[in-house]
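Here's my_file-v9.cif, which has mmCIF, C-alpha atoms:
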data_protein
#
loop_
_atom_site.group_PDB
_atom_site.id
_atom_site.type_symbol
_atom_site.label_atom_id
_atom_site.label_comp_id
_atom_site.auth_asym_id
_atom_site.auth_seq_id
_atom_site.Cartn_x
_atom_site.Cartn_y
_atom_site.Cartn_z
ATOM 1 C CA MET A 4 -9.234 8.123 20.576
ATOM 2 C CA ASP A 5 -9.617 4.625 19.124
ATOM 3 C CA THR A 6 -7.716 1.429 19.854
ATOM 4 C CA LEU A 7 -6.075 -0.097 16.779
ATOM 5 C CA ALA A 8 -4.460 -2.996 18.647
ATOM 6 C CA ALA A 9 -2.905 -3.735 22.023
ATOM 7 C CA GLY A 10 -0.761 -0.766 22.973
ATOM 8 C CA VAL A 11 -1.644 1.177 19.793
ATOM 9 C CA THR A 12 -4.031 4.138 19.984
ATOM 10 C CA GLN A 13 -5.201 6.290 17.093
ATOM 11 C CA LEU A 14 -5.994 9.972 17.619
ATOM 12 C CA ARG A 15 -7.985 11.781 14.945
ATOM 13 C CA ILE A 16 -6.915 15.385 14.346
ATOM 14 C CA GLN A 17 -9.791 17.574 13.130
ATOM 15 C CA ARG A 18 -11.391 14.435 11.624
ATOM 16 C CA PHE A 19 -8.863 14.665 8.794
ATOM 17 C CA VAL A 20 -5.508 13.145 9.736
ATOM 18 C CA ASN A 21 -4.371 10.583 12.303
ATOM 19 C CA VAL A 22 -1.504 10.217 14.750
ATOM 20 C CA TYR A 23 -0.613 7.076 16.723
ATOM 21 C CA PHE A 24 0.566 6.477 20.283
ATOM 22 C CA VAL A 25 2.484 3.177 20.303
ATOM 23 C CA GLU A 26 3.682 1.628 23.553
ATOM 24 C CA THR A 27 7.204 0.191 23.555
ATOM 25 C CA GLY A 28 6.501 -2.723 25.879
ATOM 26 C CA THR A 29 8.209 -1.056 28.834
ATOM 27 C CA PRO A 30 5.632 0.465 31.214
ATOM 28 C CA GLY A 31 5.195 4.178 30.632
ATOM 29 C CA GLU A 32 7.314 4.278 27.471
ATOM 30 C CA TRP A 33 5.871 5.015 24.047
ATOM 31 C CA VAL A 34 6.550 6.640 20.676
ATOM 32 C CA LEU A 35 4.433 8.983 18.602
ATOM 33 C CA ILE A 36 3.905 8.223 14.918
ATOM 34 C CA ASP A 37 3.170 11.395 12.893
ATOM 35 C CA THR A 38 2.181 14.776 14.295
ATOM 36 C CA GLY A 39 -0.825 16.054 12.361
ATOM 37 C CA LEU A 40 -1.329 19.510 10.941
ATOM 38 C CA PRO A 41 0.383 22.647 12.240
ATOM 39 C CA GLY A 42 -1.349 23.767 15.420
ATOM 40 C CA SER A 43 -2.076 20.210 16.620
ATOM 41 C CA ALA A 44 0.574 20.100 19.356
ATOM 42 C CA LYS A 45 -1.684 21.047 22.275
ATOM 43 C CA THR A 46 -4.278 18.464 21.254
ATOM 44 C CA ILE A 47 -1.627 15.738 21.014
ATOM 45 C CA ILE A 48 -0.003 16.680 24.324
ATOM 46 C CA ALA A 49 -3.377 16.655 26.086
ATOM 47 C CA ALA A 50 -4.179 13.241 24.599
ATOM 48 C CA ALA A 51 -0.816 11.851 25.717
ATOM 49 C CA ASP A 52 -1.324 13.171 29.253
ATOM 50 C CA LYS A 53 -4.745 11.497 29.363
ATOM 51 C CA LEU A 54 -3.616 8.218 27.810
ATOM 52 C CA PHE A 55 -0.455 7.827 29.944
ATOM 53 C CA TYR A 56 0.135 10.341 32.748
ATOM 54 C CA PRO A 57 0.457 14.135 33.080
ATOM 55 C CA GLY A 58 3.776 15.300 31.693
ATOM 56 C CA SER A 59 4.311 12.077 29.758
ATOM 57 C CA HIS A 60 6.593 12.256 26.726
ATOM 58 C CA PRO A 61 7.556 9.779 23.987
ATOM 59 C CA GLU A 62 10.948 8.223 23.456
ATOM 60 C CA ALA A 63 10.892 9.603 19.902
ATOM 61 C CA ILE A 64 8.627 10.899 17.160
ATOM 62 C CA LEU A 65 8.496 8.712 14.055
ATOM 63 C CA LEU A 66 7.286 10.147 10.753
ATOM 64 C CA THR A 67 5.687 8.022 8.053
ATOM 65 C CA HIS A 68 6.658 10.887 5.711
ATOM 66 C CA GLY A 69 7.064 14.632 5.727
ATOM 67 C CA HIS A 70 3.959 16.059 4.059
ATOM 68 C CA LEU A 71 2.518 18.966 6.015
ATOM 69 C CA ASP A 72 -0.425 17.030 7.490
ATOM 70 C CA HIS A 73 2.004 14.525 9.060
ATOM 71 C CA LEU A 74 4.960 16.793 9.794
ATOM 72 C CA GLY A 75 2.983 19.862 10.844
ATOM 73 C CA SER A 76 3.516 19.818 14.622
ATOM 74 C CA ALA A 77 6.755 17.799 14.738
ATOM 75 C CA LYS A 78 9.105 20.696 15.526
ATOM 76 C CA GLU A 79 6.874 22.108 18.266
ATOM 77 C CA LEU A 80 6.373 18.694 19.867
ATOM 78 C CA ALA A 81 10.049 17.721 19.601
ATOM 79 C CA ASP A 82 11.061 20.976 21.259
ATOM 80 C CA HIS A 83 8.411 20.603 23.966
ATOM 81 C CA TRP A 84 9.368 17.014 24.800
ATOM 82 C CA ASN A 85 13.072 17.342 23.868
ATOM 83 C CA VAL A 86 12.996 14.174 21.775
ATOM 84 C CA PRO A 87 14.332 13.314 18.300
ATOM 85 C CA VAL A 88 12.269 13.039 15.135
ATOM 86 C CA VAL A 89 13.058 9.957 13.047
ATOM 87 C CA ALA A 90 12.311 9.478 9.336
ATOM 88 C CA HIS A 91 13.555 7.557 6.313
ATOM 89 C CA PRO A 92 16.820 9.006 4.935
ATOM 90 C CA LEU A 93 15.122 9.865 1.620
ATOM 91 C CA GLU A 94 12.823 12.263 3.489
ATOM 92 C CA LEU A 95 15.639 14.283 5.049
ATOM 93 C CA PRO A 96 16.094 16.805 2.183
ATOM 94 C CA TYR A 97 12.438 17.827 2.516
ATOM 95 C CA LEU A 98 12.446 17.894 6.313
ATOM 96 C CA THR A 99 15.526 20.130 6.539
ATOM 97 C CA GLY A 100 14.583 22.738 3.931
ATOM 98 C CA LYS A 101 17.070 21.555 1.311
ATOM 99 C CA ALA A 102 14.446 20.447 -1.228
ATOM 100 C CA LEU A 103 10.752 20.589 -2.032
ATOM 101 C CA TYR A 104 8.626 17.557 -2.767
ATOM 102 C CA PRO A 105 7.514 16.936 -6.363
ATOM 103 C CA PRO A 106 4.771 19.495 -7.051
ATOM 104 C CA ARG A 107 1.210 18.437 -6.314
ATOM 105 C CA ASP A 108 -0.951 17.575 -9.311
ATOM 106 C CA PRO A 109 -4.374 19.264 -9.060
ATOM 107 C CA THR A 110 -5.395 17.998 -12.522
ATOM 108 C CA VAL A 111 -6.069 14.385 -11.420
ATOM 109 C CA GLY A 112 -9.611 15.277 -10.301
ATOM 110 C CA GLY A 113 -11.531 15.057 -7.034
ATOM 111 C CA SER A 114 -12.187 17.522 -4.238
ATOM 112 C CA LEU A 115 -8.831 16.846 -2.560
ATOM 113 C CA ALA A 116 -7.074 17.653 -5.834
ATOM 114 C CA PHE A 117 -9.076 20.868 -6.108
ATOM 115 C CA MET A 118 -8.131 21.917 -2.580
ATOM 116 C CA SER A 119 -4.483 20.941 -3.083
ATOM 117 C CA ARG A 120 -4.015 24.064 -5.212
ATOM 118 C CA PHE A 121 -4.155 26.088 -2.014
ATOM 119 C CA PHE A 122 -1.878 23.936 0.181
ATOM 120 C CA PRO A 123 1.511 25.488 1.030
ATOM 121 C CA ALA A 124 4.561 23.918 -0.605
ATOM 122 C CA GLN A 125 7.091 25.102 1.978
ATOM 123 C CA LEU A 126 7.460 22.876 5.047
ATOM 124 C CA PRO A 127 8.704 23.490 8.592
ATOM 125 C CA ASN A 128 12.447 22.932 8.854
ATOM 126 C CA LEU A 129 13.248 20.349 11.528
ATOM 127 C CA GLY A 130 16.960 21.130 11.431
ATOM 128 C CA GLU A 131 19.012 19.058 13.857
ATOM 129 C CA ARG A 132 15.901 17.595 15.486
ATOM 130 C CA VAL A 133 15.483 15.049 12.679
ATOM 131 C CA GLN A 134 17.612 11.967 12.107
ATOM 132 C CA GLY A 135 17.469 9.256 9.477
ATOM 133 C CA LEU A 136 16.774 5.578 10.017
ATOM 134 C CA ASN A 137 19.434 3.048 9.104
ATOM 135 C CA ALA A 138 18.211 2.125 5.621
ATOM 136 C CA ASP A 139 19.726 -1.360 5.962
ATOM 137 C CA ASP A 140 18.041 -2.158 9.280
ATOM 138 C CA PRO A 141 14.251 -2.695 9.245
ATOM 139 C CA SER A 142 13.936 -2.559 13.045
ATOM 140 C CA VAL A 143 12.024 0.405 14.476
ATOM 141 C CA PRO A 144 13.721 2.539 17.151
ATOM 142 C CA HIS A 145 12.248 1.779 20.601
ATOM 143 C CA LEU A 146 9.697 -0.684 19.135
ATOM 144 C CA MET A 147 11.343 -4.092 19.323
ATOM 145 C CA ALA A 148 8.306 -5.992 18.012
ATOM 146 C CA TRP A 149 7.885 -3.807 14.936
ATOM 147 C CA ARG A 150 9.606 -3.410 11.579
ATOM 148 C CA TRP A 151 9.377 -0.648 9.017
ATOM 149 C CA LEU A 152 8.776 -1.027 5.288
ATOM 150 C CA HIS A 153 9.770 1.472 2.619
ATOM 151 C CA VAL A 154 6.598 2.204 0.593
ATOM 152 C CA PRO A 155 7.312 5.073 -1.852
ATOM 153 C CA GLY A 156 5.028 6.511 -4.502
ATOM 154 C CA HIS A 157 3.313 9.106 -2.333
ATOM 155 C CA ALA A 158 6.535 10.385 -0.745
ATOM 156 C CA PRO A 159 10.073 9.258 -1.592
ATOM 157 C CA GLY A 160 10.844 7.981 1.902
ATOM 158 C CA GLN A 161 7.376 7.012 3.039
ATOM 159 C CA LEU A 162 7.276 4.336 5.732
ATOM 160 C CA ALA A 163 4.740 1.825 6.965
ATOM 161 C CA PHE A 164 5.095 0.085 10.332
ATOM 162 C CA TYR A 165 4.142 -3.554 10.915
ATOM 163 C CA ARG A 166 3.903 -5.751 14.005
ATOM 164 C CA GLU A 167 3.927 -9.330 12.813
ATOM 165 C CA ALA A 168 2.884 -10.869 16.132
ATOM 166 C CA ASP A 169 -0.702 -9.665 15.768
ATOM 167 C CA GLY A 170 -0.796 -8.391 12.172
ATOM 168 C CA THR A 171 -1.030 -4.683 13.043
ATOM 169 C CA LEU A 172 -0.232 -2.303 10.187
ATOM 170 C CA ILE A 173 0.191 1.477 10.296
ATOM 171 C CA GLY A 174 0.217 2.343 6.620
ATOM 172 C CA GLY A 175 0.870 6.092 6.503
ATOM 173 C CA ASP A 176 -0.363 7.392 3.154
ATOM 174 C CA ALA A 177 0.533 4.308 1.131
ATOM 175 C CA PHE A 178 -3.253 3.934 1.098
ATOM 176 C CA ALA A 179 -6.167 5.224 3.169
ATOM 177 C CA THR A 180 -9.001 3.721 5.191
ATOM 178 C CA CYS A 181 -11.461 6.217 3.745
ATOM 179 C CA HIS A 182 -12.304 7.523 0.275
ATOM 180 C CA HIS A 183 -9.428 9.979 0.354
ATOM 181 C CA ASP A 184 -10.122 11.658 -2.999
ATOM 182 C CA SER A 185 -13.182 13.259 -1.406
ATOM 183 C CA ILE A 186 -12.784 15.653 1.512
ATOM 184 C CA ALA A 187 -16.466 15.157 2.331
ATOM 185 C CA ALA A 188 -15.966 11.389 2.579
ATOM 186 C CA VAL A 189 -12.979 11.887 4.872
ATOM 187 C CA LEU A 190 -15.022 14.084 7.190
ATOM 188 C CA LEU A 191 -17.933 11.604 7.180
ATOM 189 C CA ASP A 192 -15.497 8.986 8.518
ATOM 190 C CA ARG A 193 -16.814 6.062 6.506
ATOM 191 C CA PRO A 194 -14.355 3.120 6.486
ATOM 192 C CA GLN A 195 -13.187 2.262 2.975
ATOM 193 C CA ILE A 196 -9.747 1.088 1.916
ATOM 194 C CA SER A 197 -8.712 3.219 -1.050
ATOM 195 C CA ARG A 198 -5.765 4.944 -2.668
ATOM 196 C CA ALA A 199 -4.457 7.909 -0.717
ATOM 197 C CA GLY A 200 -3.306 11.411 -1.530
ATOM 198 C CA THR A 201 -4.030 11.331 -5.266
ATOM 199 C CA PRO A 202 -2.739 14.853 -6.080
ATOM 200 C CA PHE A 203 0.476 14.164 -4.128
ATOM 201 C CA ASN A 204 1.344 10.771 -5.648
ATOM 202 C CA TYR A 205 4.380 11.375 -7.827
ATOM 203 C CA ASP A 206 5.001 7.775 -8.992
ATOM 204 C CA TRP A 207 1.902 5.691 -9.657
ATOM 205 C CA GLU A 208 3.730 2.458 -10.399
ATOM 206 C CA ALA A 209 5.638 2.718 -7.126
ATOM 207 C CA ALA A 210 2.395 3.532 -5.292
ATOM 208 C CA ARG A 211 0.778 0.407 -6.751
ATOM 209 C CA HIS A 212 3.766 -1.754 -5.818
ATOM 210 C CA SER A 213 3.743 -0.369 -2.271
ATOM 211 C CA VAL A 214 0.109 -1.383 -1.808
ATOM 212 C CA GLN A 215 0.879 -4.847 -3.173
ATOM 213 C CA LEU A 216 3.778 -5.179 -0.726
ATOM 214 C CA LEU A 217 1.549 -4.291 2.214
ATOM 215 C CA ALA A 218 -1.346 -6.480 1.035
ATOM 216 C CA ALA A 219 0.993 -9.483 1.051
ATOM 217 C CA LEU A 220 1.289 -9.061 4.829
ATOM 218 C CA ASN A 221 -2.402 -9.989 5.270
ATOM 219 C CA PRO A 222 -2.827 -7.535 8.160
ATOM 220 C CA LYS A 223 -5.501 -8.102 10.786
ATOM 221 C CA ALA A 224 -5.721 -4.474 11.934
ATOM 222 C CA ILE A 225 -5.081 -1.396 9.812
ATOM 223 C CA GLY A 226 -4.618 2.250 10.652
ATOM 224 C CA CYS A 227 -3.533 4.841 8.082
ATOM 225 C CA GLY A 228 -2.856 8.537 7.923
ATOM 226 C CA HIS A 229 -6.461 9.179 6.934
ATOM 227 C CA GLY A 230 -9.607 7.304 7.905
ATOM 228 C CA PRO A 231 -10.828 5.144 10.796
ATOM 229 C CA VAL A 232 -9.243 1.939 12.062
ATOM 230 C CA ILE A 233 -10.292 -1.249 10.278
ATOM 231 C CA ILE A 234 -10.042 -4.487 12.245
ATOM 232 C CA GLY A 235 -10.855 -8.056 11.287
ATOM 233 C CA PRO A 236 -11.058 -10.026 8.016
ATOM 234 C CA GLU A 237 -12.206 -6.958 6.068
ATOM 235 C CA ALA A 238 -8.792 -5.352 6.685
ATOM 236 C CA ALA A 239 -6.797 -7.858 4.636
ATOM 237 C CA ALA A 240 -9.632 -8.385 2.158
ATOM 238 C CA GLY A 241 -10.002 -4.673 1.447
ATOM 239 C CA LEU A 242 -6.278 -4.174 1.035
ATOM 240 C CA ARG A 243 -6.003 -7.177 -1.274
ATOM 241 C CA GLU A 244 -8.847 -5.805 -3.412
ATOM 242 C CA LEU A 245 -7.035 -2.472 -3.700
ATOM 243 C CA ALA A 246 -3.771 -4.215 -4.595
ATOM 244 C CA ASP A 247 -5.442 -6.342 -7.283
ATOM 245 C CA ASN A 248 -7.376 -3.437 -8.786
ATOM 246 C CA TYR A 249 -5.290 -0.381 -8.019
ATOM 247 C CA PRO A 250 -6.955 2.635 -9.679
ATOM 248 C CA VAL A 251 -4.528 4.873 -11.569
ATOM 249 C CA PRO A 252 -6.120 8.176 -12.666
ATOM 250 C CA ALA A 253 -7.052 8.607 -16.315
ATOM 251 C CA HIS A 254 -4.966 11.758 -16.571
ATOM 252 C CA GLY A 255 -2.467 13.770 -14.573
ATOM 253 C CA ARG A 256 1.119 14.976 -14.516
ATOM 254 C CA TYR A 257 2.629 11.748 -13.187
ATOM 255 C CA VAL A 258 0.331 9.191 -14.829
ATOM 256 C CA GLN A 259 2.474 8.551 -17.913
ATOM 257 C CA GLU A 260 5.825 9.502 -16.395
ATOM 258 C CA ALA A 261 6.867 9.525 -12.754
ATOM 259 C CA ALA A 262 8.944 12.162 -11.053
ATOM 260 C CA ARG A 263 12.394 10.900 -10.158
ATOM 261 C CA THR A 264 13.977 11.569 -6.788
ATOM 262 C CA ASP A 265 17.280 10.748 -5.117
ATOM 263 C CA ALA A 266 18.988 11.355 -1.799
ATOM 264 C CA SER A 267 19.256 15.093 -2.572
ATOM 265 C CA GLY A 268 15.636 15.667 -3.585
ATOM 266 C CA VAL A 269 13.872 15.826 -6.937
ATOM 267 C CA GLU A 270 16.025 14.799 -9.872
ATOM 268 C CA HIS A 271 13.502 15.013 -12.735
ATOM 269 C CA LEU A 272 9.943 16.239 -13.241
ATOM 270 C CA PRO A 273 7.649 15.503 -16.189
ATOM 271 C CA PRO A 274 6.040 18.566 -17.795
ATOM 272 C CA ALA A 275 3.072 19.983 -15.924
ATOM 273 C CA PRO A 276 -0.266 19.685 -17.751
ATOM 274 C CA LYS A 277 -2.211 22.863 -18.267
ATOM 275 C CA ASP A 278 -4.350 23.618 -15.258
ATOM 276 C CA LYS A 279 -7.556 25.165 -16.570
ATOM 277 C CA LEU A 280 -8.874 26.272 -13.199
ATOM 278 C CA PRO A 281 -6.847 29.517 -12.829
ATOM 279 C CA LEU A 282 -8.028 30.625 -16.292
ATOM 280 C CA GLN A 283 -11.605 29.632 -15.506
ATOM 281 C CA ALA A 284 -11.417 31.442 -12.185
ATOM 282 C CA ALA A 285 -10.046 34.546 -13.936
ATOM 283 C CA VAL A 286 -12.878 34.450 -16.488
ATOM 284 C CA VAL A 287 -15.496 34.039 -13.774
ATOM 285 C CA GLY A 288 -13.897 36.806 -11.730
ATOM 286 C CA ALA A 289 -13.790 39.153 -14.726
ATOM 287 C CA SER A 290 -17.438 38.367 -15.483
ATOM 288 C CA ILE A 291 -18.439 39.157 -11.918
ATOM 289 C CA LEU A 292 -16.511 42.432 -11.999
ATOM 290 C CA ALA A 293 -18.051 43.378 -15.329
ATOM 291 C CA ALA A 294 -21.539 42.554 -14.091
ATOM 292 C CA GLY A 295 -20.910 44.531 -10.928
ATOM 293 C CA ALA A 296 -19.652 47.531 -12.892
ATOM 294 C CA ALA A 297 -22.654 47.377 -15.227
ATOM 295 C CA TRP A 298 -25.034 47.160 -12.283
ATOM 296 C CA PHE A 299 -23.315 50.099 -10.592
ATOM 297 C CA LEU A 300 -23.404 52.267 -13.718
ATOM 298 C CA THR A 301 -26.984 51.359 -14.579
ATOM 299 C CA GLY A 302 -28.096 51.868 -11.021
ATOM 300 C CA GLY A 303 -26.272 55.175 -10.907
ATOM 301 C CA ARG A 304 -28.047 56.406 -14.054
ATOM 302 C CA ARG A 305 -31.404 55.359 -12.686
ATOM 303 C CA ARG A 306 -30.746 57.153 -9.427
ATOM 304 C CA SER A 307 -29.694 60.272 -11.323
ATOM 305 C CA LYS A 308 -32.863 60.206 -13.436
ATOM 306 C CA SER A 309 -34.983 59.757 -10.321
ATOM 307 C CA LYS A 310 -33.408 62.798 -8.703
ATOM 308 C CA LYS A 311 -34.013 64.933 -11.812
ATOM 309 C CA GLN A 312 -37.663 63.946 -11.893
#

Take the structure in the file and give it back as structure tokens.
Amino acid sequence: MDTLAAGVTQLRIQRFVNVYFVETGTPGEWVLIDTGLPGSAKTIIAAADKLFYPGSHPEAILLTHGHLDHLGSAKELADHWNVPVVAHPLELPYLTGKALYPPRDPTVGGSLAFMSRFFPAQLPNLGERVQGLNADDPSVPHLMAWRWLHVPGHAPGQLAFYREADGTLIGGDAFATCHHDSIAAVLLDRPQISRAGTPFNYDWEAARHSVQLLAALNPKAIGCGHGPVIIGPEAAAGLRELADNYPVPAHGRYVQEAARTDASGVEHLPPAPKDKLPLQAAVVGASILAAGAAWFLTGGRRRSKSKKQ
């Protein structure tokens, strides 16, 4: 576990995704921000027991957004602790099984985009456990010193959390503190402020604007959904550099036209570009099968000839 700021602790889950324990200011009270991948509940519970006291539980679980690597253990943890899950109202259709997020775009390039082809689209249904924030009130439940900001582009109701008193920013997947396009770079844990979740960004202009909004805060300490904490002048400087030179992919489903979403889910999707990988994989697979069949037949003939001799 790493300290992001006073009363804010980051826990890395399988060196890939982060969750945050944030103290409320009242001794022994805290909230959990995000819940990692499915199967992370025991790790998070053990960390909470170590950080606070055995049997400790949060006042609530806050979600930056509902993608599987942030939502994954929310239902299990909420049931275990008997606490609510709180998210932006625009996330509720996806968190309650009423809608699916805009489809991932594996054609934007990078190892994360390649792997995204194999990520499940269906999400756990939080049912009555989840409740929406008041969209007109930027205060954060149980965290008096914090406010939330709506930063869409990666998810329709994505949130960032900011504590102005000391410039602490939890950015979700509005951006990353590692080179998130590369799974290898994520696992190597090298700090680098960069765009996040490229194959899952459904509105590149909104994603750019969200980064610009957060850069204007000039944060002094940054933690995101992916990557290590970054503290000091390099935090604001790195985020400003990303905001000034936000890299939009050269190609991809949502590059020229964004998906449109509303309170019910996805309203409009641009046409999907042709994904060449399945065809290439089929060709390679057919070639391997053909080569294997030829080897088997040739080997069989040779064995037959050997027996006759």

For stretch 117-132 of chain A, please output as JSON, numbers by chain all residues within 10 Å (counting only C-alpha atoms; exclusion window: fewer than 5 positions along the same chain).
-> {"A": [41, 69, 70, 71, 74, 75, 76, 77, 78, 79, 81, 82, 85, 86, 87, 88, 89, 95, 96, 97, 98, 99, 100, 101, 102, 103, 104, 105, 106, 107, 108, 109, 110, 111, 112, 184, 185, 186, 200, 201, 202, 203, 280, 281]}

With distances taken over only C-alpha atoms, which of A:Ala199, A:Ala261, A:Val154, A:Asn204 is nearest to A:Ala218?
-> A:Val154

Using only C-alpha atoms, give me every residue within 6 Å of (1.6, -4.9, -4.7) in file coordinates, as a list in words.
->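 Here is the list of nearby residues: Arg211, His212, Ser213, Val214, Gln215, Leu216 and Ala246 of chain A.
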
Coordinates-based distance that separates atom CA of A:Ile196 from atom CA of A:Ala148 (Å, one decimal) =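 Atom-to-atom, atom CA of A:Ala148 to atom CA of A:Ile196, that is 25.2 Å.
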
Run the PyMOL selection byres ((chain A and resi 220) around 12) mentally over the shown coordinates, then write out the matched residues as a PyMOL selection string, using the chain letters and numbers from the document.
-> chain A and resi 152+163-174+213-219+221-225+238-240+242-243+246

Check the smallest atom-to-atom distance from each of A:His254, A:Lys277, A:His229, A:His271 to A:Gln17 using only C-alpha atoms, then report the winner.
->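 Closest to A:Gln17, using only C-alpha atoms: A:His229.
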
Between atom CA of A:Ala9 and atom CA of A:Val25 lies a distance of 8.9 Å
